[in-house]
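Asks: Just dropping this structure here.
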Amino acid sequence: MRRIMVGVKRVVDYNVRIRVKPDNSGVITEGVKMSLNPFDEIALEEALRIKERGLADEVLAVSIGPVDTQQQLRTALAMGADRAVLVQTDAAVAPLSVARIFHKLIEKEQPFLVLVGKQAIDDDNGQTAQMLAGIWDRPQAVSCSKVEIADGKATVTREVDAGLEVNEIDLPAVLSVDLRLNEPRYVKLPDIMKAKKKPLDTLGVADFGVGDTATFTTVKVEPPPQRQKGVMVKDVAELVDALKKKGLV
Amino acid sequence: MSKILVIAEHDGTRLNPSTLKCVTCAAKIPGAAIDVLVLATDSSAVAAQAAAITGVGKVLATDNPANAEGLAAVLAPQVAKLATDYTHVFGPSTTFGKDLMPRVAALLGVGQVSDVMAVEGPHRFKRPVYAGNAVLTLDVPAGDKVVATVRVASFEAAATGGSAAITKVDPGVALPTHTRFISRSGGATGRPDLQSASRVVAGGRALGSADGFKLIFSLADKLGAAVGASRAAVDAGYIQNDLQIGQTGKIIAPELYIGIGISGAIQHMTGIKDARTIVAINKDGEAPIFEAADIGLVGDLFSIVPELEKQLG
């Protein structure tokens, strides 16, 4: 069985305006719309396309989170994943613990490719792929914008600060995907119905023996400092004057 | 006492300015001893530049042909090994550091702090979360080695003029061959580098086309500025990806940022809010960018920008 494993995370929807809790213990997530992390959707889409090209037999979606994460995994199944595994925990799980849990799943599931988003839009850590590849002692390709698979190898184009970098990596490997890799498909109603019948297994985080505590302690969460509203000028001459006064031109 | 190892970013001959910013961040830890590690094919040129950074105690240099392209999978085991005697390992929050440092942390069996924007103590740091809509202060467990990426826009470059000793080191670890460099493209615009430029002119979707973006390039050249863009302009195909500013693009902190035809989506504002002066030019007076702009001008960019270029003489 040629299997692709895709890691997905339940996050606050990207359209939600983030508000910090009054006691500074975190951001408000109660009563807020939750979604699949957009970068993970791109990872899943890529896995589905690789399967549709006949290069894989099964796409497995895995997630770590509270019981409600089943909603996001059902979305993944509706998009086209063949089955899903939820490692259930109410605790915040740090990227290192995620990587360790994923590594245990890899030992069991033996995928030839693991795909994740380049970062989750809640913590913005951007670490899981690299940590997993390090623990697994396999190649990593971060911020992929193009993926080609052939002969047990992948040729990956990565977005780097100076442009694009192409690497060739042996499989199995871990890839993190960037925005422009693809555009995820829309889920249609019949797919949602079909997804209800697909297997979704729930495991306890304790089954993995890697601990489910955050690596770091949160001291506080605050709103960012606000910039002072500046002045409006009425024409180009005033703009140039203002820039000159600040010594900027 | 804190012993900090800063991983140098370079292209084989030149030290990237991001490394000087990492040194500034490291120096915020009171009494820290700061060393820089240069992993290269031939480290001599870069090591000499690192040795000149004020505040650096010594430079560790490793020469190995395998280091030529700075592949994370190749560098990580060397960094992890050489980090043994250090309490902290810092790298820049550039694509180089973001690729490398989490792998280093995993090999060391510790967490990694992403995008350090402020140092509150040897184990306490501030970092942005939720696209910069919240700022997290966190503690790394007291006994853990601190592995972190430094948000380069949050720190000034360290001064130069020092002369630290350079020591050749051999990590003596086996390196993987499963990851191979093929090619690199793009980047060379002939203009200042977006991430380190003191002036940036950025354009948005309102430019309307790749042709419209010529206005931006022309003004940028007049000012000696780097060119940037909003995600909308990049997605529309007006300009290449690597000039995107924002949460998923470049985070910048120039002296002067001029945003033209950019509405100011939160993801874009995350990338520019450390700019010293923000100038916004937009035809919509209600555009959110005006909320954060130091100087705002409402009007048609297609007449304003050429006029601005003219009046700048």
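By order in the structure tokens, chains are A, B, ...; within a chain, residues start at 1; ligands start at 1, following the order shown.
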Enumerate the residues of segment 12-208 of chain A with a DSSP assignment of helix (DSSP H, G or I), computed from the backbone, and present them as a ChimeraX atom specification.
Replies: /A:38-52,69-79,95-109,128-136,179-181,189-195,205-208
Asks: Next, the residues of the selection above should be written as a PDB file, in the first residue's frame with C-alpha atoms.
Replies:
```
ATOM      1  CA  PRO A  38      -5.485  26.650   5.316  1.00  0.00           C
ATOM      2  CA  PHE A  39      -1.916  25.444   4.667  1.00  0.00           C
ATOM      3  CA  ASP A  40      -2.920  21.913   5.735  1.00  0.00           C
ATOM      4  CA  GLU A  41      -5.783  22.037   3.229  1.00  0.00           C
ATOM      5  CA  ILE A  42      -3.188  22.701   0.537  1.00  0.00           C
ATOM      6  CA  ALA A  43      -1.139  19.738   1.834  1.00  0.00           C
ATOM      7  CA  LEU A  44      -4.198  17.497   1.656  1.00  0.00           C
ATOM      8  CA  GLU A  45      -5.073  18.732  -1.840  1.00  0.00           C
ATOM      9  CA  GLU A  46      -1.566  17.876  -3.016  1.00  0.00           C
ATOM     10  CA  ALA A  47      -1.813  14.383  -1.526  1.00  0.00           C
ATOM     11  CA  LEU A  48      -5.126  13.840  -3.328  1.00  0.00           C
ATOM     12  CA  ARG A  49      -3.640  15.019  -6.637  1.00  0.00           C
ATOM     13  CA  ILE A  50      -0.656  12.678  -6.226  1.00  0.00           C
ATOM     14  CA  LYS A  51      -3.099   9.818  -5.632  1.00  0.00           C
ATOM     15  CA  GLU A  52      -5.210  10.880  -8.630  1.00  0.00           C
ATOM     16  CA  THR A  69     -11.377  18.009  15.706  1.00  0.00           C
ATOM     17  CA  GLN A  70     -13.509  15.219  14.212  1.00  0.00           C
ATOM     18  CA  GLN A  71     -15.301  18.018  12.301  1.00  0.00           C
ATOM     19  CA  GLN A  72     -12.094  19.022  10.535  1.00  0.00           C
ATOM     20  CA  LEU A  73     -11.195  15.396   9.855  1.00  0.00           C
ATOM     21  CA  ARG A  74     -14.657  14.861   8.327  1.00  0.00           C
ATOM     22  CA  THR A  75     -13.914  17.836   6.081  1.00  0.00           C
ATOM     23  CA  ALA A  76     -10.637  16.161   5.118  1.00  0.00           C
ATOM     24  CA  LEU A  77     -12.518  12.933   4.352  1.00  0.00           C
ATOM     25  CA  ALA A  78     -15.069  14.895   2.314  1.00  0.00           C
ATOM     26  CA  MET A  79     -12.246  16.436   0.299  1.00  0.00           C
ATOM     27  CA  PRO A  95       5.306  21.006  17.800  1.00  0.00           C
ATOM     28  CA  LEU A  96       7.926  18.659  19.283  1.00  0.00           C
ATOM     29  CA  SER A  97       5.175  16.491  20.810  1.00  0.00           C
ATOM     30  CA  VAL A  98       3.238  16.615  17.526  1.00  0.00           C
ATOM     31  CA  ALA A  99       6.361  15.449  15.693  1.00  0.00           C
ATOM     32  CA  ARG A 100       6.914  12.616  18.183  1.00  0.00           C
ATOM     33  CA  ILE A 101       3.305  11.453  17.916  1.00  0.00           C
ATOM     34  CA  PHE A 102       3.411  11.666  14.104  1.00  0.00           C
ATOM     35  CA  HIS A 103       6.634   9.654  14.163  1.00  0.00           C
ATOM     36  CA  LYS A 104       4.896   6.863  16.103  1.00  0.00           C
ATOM     37  CA  LEU A 105       2.065   6.947  13.561  1.00  0.00           C
ATOM     38  CA  ILE A 106       4.614   6.728  10.744  1.00  0.00           C
ATOM     39  CA  GLU A 107       6.123   3.592  12.283  1.00  0.00           C
ATOM     40  CA  LYS A 108       2.669   2.039  12.243  1.00  0.00           C
ATOM     41  CA  GLU A 109       1.375   3.371   8.907  1.00  0.00           C
ATOM     42  CA  THR A 128       6.365  20.358  12.690  1.00  0.00           C
ATOM     43  CA  ALA A 129       7.741  19.182   9.327  1.00  0.00           C
ATOM     44  CA  GLN A 130      11.352  19.958  10.216  1.00  0.00           C
ATOM     45  CA  MET A 131      11.119  18.372  13.674  1.00  0.00           C
ATOM     46  CA  LEU A 132       9.433  15.258  12.324  1.00  0.00           C
ATOM     47  CA  ALA A 133      12.035  14.869   9.577  1.00  0.00           C
ATOM     48  CA  GLY A 134      14.804  15.313  12.171  1.00  0.00           C
ATOM     49  CA  ILE A 135      13.382  12.678  14.520  1.00  0.00           C
ATOM     50  CA  TRP A 136      12.667  10.323  11.615  1.00  0.00           C
ATOM     51  CA  LEU A 179       0.414  28.911  -0.496  1.00  0.00           C
ATOM     52  CA  ARG A 180       1.019  28.651  -4.188  1.00  0.00           C
ATOM     53  CA  LEU A 181       1.373  24.869  -4.472  1.00  0.00           C
ATOM     54  CA  LEU A 189     -22.639  17.859  -0.632  1.00  0.00           C
ATOM     55  CA  PRO A 190     -22.505  14.222  -1.859  1.00  0.00           C
ATOM     56  CA  ASP A 191     -18.872  14.094  -0.698  1.00  0.00           C
ATOM     57  CA  ILE A 192     -19.914  15.211   2.783  1.00  0.00           C
ATOM     58  CA  MET A 193     -22.478  12.385   2.891  1.00  0.00           C
ATOM     59  CA  LYS A 194     -19.907   9.872   1.658  1.00  0.00           C
ATOM     60  CA  ALA A 195     -17.368  11.088   4.222  1.00  0.00           C
ATOM     61  CA  VAL A 205      -2.638  10.729  23.412  1.00  0.00           C
ATOM     62  CA  ALA A 206      -1.552   8.438  26.255  1.00  0.00           C
ATOM     63  CA  ASP A 207      -1.263   5.589  23.722  1.00  0.00           C
ATOM     64  CA  PHE A 208       1.830   7.309  22.368  1.00  0.00           C
TER      65      PHE A 208
END
```
Asks: Near Ala66 of chain B, within 10 Å and counting only C-alpha atoms, which residues show up once chain neighbours fewer than 2 positions away are dropped, as number ranges by chain?
Replies: B: 39-41, 63-64, 68-71, 74-75, 175-177, 180
Asks: Which distance in Å separates atom CA of Gly31 of chain A and atom CA of Ile18 of chain A, to one decimal?
Replies: 12.2 Å
Asks: Mind listing as a PyMOL selection string which residues of chain B are within 6 Å of chain A, counting only C-alpha atoms?
Replies: chain B and resi 95+102-103+106+111+114+129-130+134-140+178-187+242+291-297+308
Asks: In Å, rounded to a single decimal, give me how far atom CA of Thr89 of chain A is from atom CA of Val210 of chain A.
Replies: 12.5 Å
Asks: Quick one: everything within 9 Å of segment 215-219 of chain B, counting only C-alpha atoms, minus sequence neighbours fewer than 6 positions away in the same chain. Send it as a list in words.
Replies: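 What passes the distance filter is Val201, Ala202, Gly203, Leu207, Ala225, Ala226, Val227, Gly228, Ile260, Phe302, Val305, Pro306, Leu308 and Glu309 of chain B.
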Asks: Please provide the set of residues having any atom within 8 Å of Ala158 of chain B, restricted to only C-alpha atoms, with same-chain residues fewer than 4 positions apart removed, written as a PyMOL selection string.
Replies: chain B and resi 20-21+23-24+53-54
Asks: Write a file of the just-selected residues containing C-alpha atoms, as a PDB file, in the first residue's frame.
Replies:
```pdb
ATOM      1  CA  LEU B  20      24.215  40.681  12.875  1.00  0.00           C
ATOM      2  CA  LYS B  21      20.631  40.997  14.097  1.00  0.00           C
ATOM      3  CA  VAL B  23      23.938  38.842  17.664  1.00  0.00           C
ATOM      4  CA  THR B  24      22.033  41.945  18.829  1.00  0.00           C
ATOM      5  CA  ILE B  53      30.952  41.722  14.697  1.00  0.00           C
ATOM      6  CA  THR B  54      31.131  43.667  17.962  1.00  0.00           C
TER       7      THR B  54
END
```
Asks: Write out as an NGL selection string which residues come within 8 Å of segment 256-258 of chain B when counting only C-alpha atoms, dropping same-chain ones fewer than 3 positions away.
Replies: (:A and (248)) or (:B and (198-202 or 272 or 275-281))
Asks: Using Å and a single decimal, report how far atom CA of Ala206 of chain B sits from atom CA of Ile239 of chain B.
Replies: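 If I compute the distance from atom CA of Ile239 of chain B to atom CA of Ala206 of chain B, I get 12.8 Å.
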Asks: Find the residues near Ala83 of chain B: any atom within 10 Å, counting only C-alpha atoms, skip ones fewer than 3 places away on the same chain, and give them as a ChimeraX atom specification.
Replies: /B:3-6,37,77-80,86-89,104,108,145,147,171
Asks: Can you pull out the residues contacting Ser209 of chain B? Cut-off 10 Å, using only C-alpha atoms, and skip same-chain residues under 6 positions away; I want them as a PyMOL selection string.
Replies: chain B and resi 233+236-239
Asks: Run DSSP on the backbone of this structure and report the residues of segment 121-211 of chain B it assigns to strand (DSSP E), as JSON, numbers by chain.
Replies: {"B": [121, 124, 125, 126, 127, 128, 129, 134, 135, 136, 137, 138, 139, 146, 147, 148, 149, 150, 165, 166, 167, 168, 179, 180, 181, 182, 183, 184, 185, 199, 200, 201, 202, 203]}
Asks: Next, the residues of the selection above should be written as a compact mmCIF listing (two decimals), in the first residue's frame with C-alpha atoms.
Replies:
```txt
# COMPACT_ATOMS: atom_id res chain seq x y z
CA GLY B 121 15.33 37.04 30.40
CA ARG B 124 11.77 34.28 28.76
CA PHE B 125 10.88 35.61 25.31
CA LYS B 126 8.14 37.44 23.44
CA ARG B 127 6.93 36.23 20.06
CA PRO B 128 4.01 37.05 17.73
CA VAL B 129 1.13 34.59 17.27
CA ALA B 134 -1.41 38.70 19.76
CA VAL B 135 1.97 38.69 21.46
CA LEU B 136 2.91 35.65 23.54
CA THR B 137 5.37 35.81 26.43
CA LEU B 138 6.72 32.34 27.18
CA ASP B 139 9.15 30.58 29.50
CA VAL B 146 17.10 27.33 24.28
CA VAL B 147 16.84 26.92 20.50
CA ALA B 148 15.28 29.93 18.80
CA THR B 149 14.82 31.82 15.57
CA VAL B 150 15.21 35.58 15.84
CA ALA B 165 39.46 34.67 17.27
CA ILE B 166 38.55 32.14 14.59
CA THR B 167 38.77 28.46 15.55
CA LYS B 168 38.44 25.61 13.07
CA THR B 179 18.87 15.57 0.24
CA ARG B 180 20.54 17.09 -2.83
CA PHE B 181 20.66 20.65 -4.11
CA ILE B 182 19.64 21.07 -7.76
CA SER B 183 19.26 24.78 -8.49
CA ARG B 184 18.31 28.23 -7.27
CA SER B 185 16.57 30.93 -9.29
CA ARG B 199 13.41 52.19 2.12
CA VAL B 200 10.67 50.05 0.59
CA VAL B 201 8.05 50.93 -2.01
CA ALA B 202 5.26 48.35 -2.13
CA GLY B 203 2.38 47.97 -4.55
```
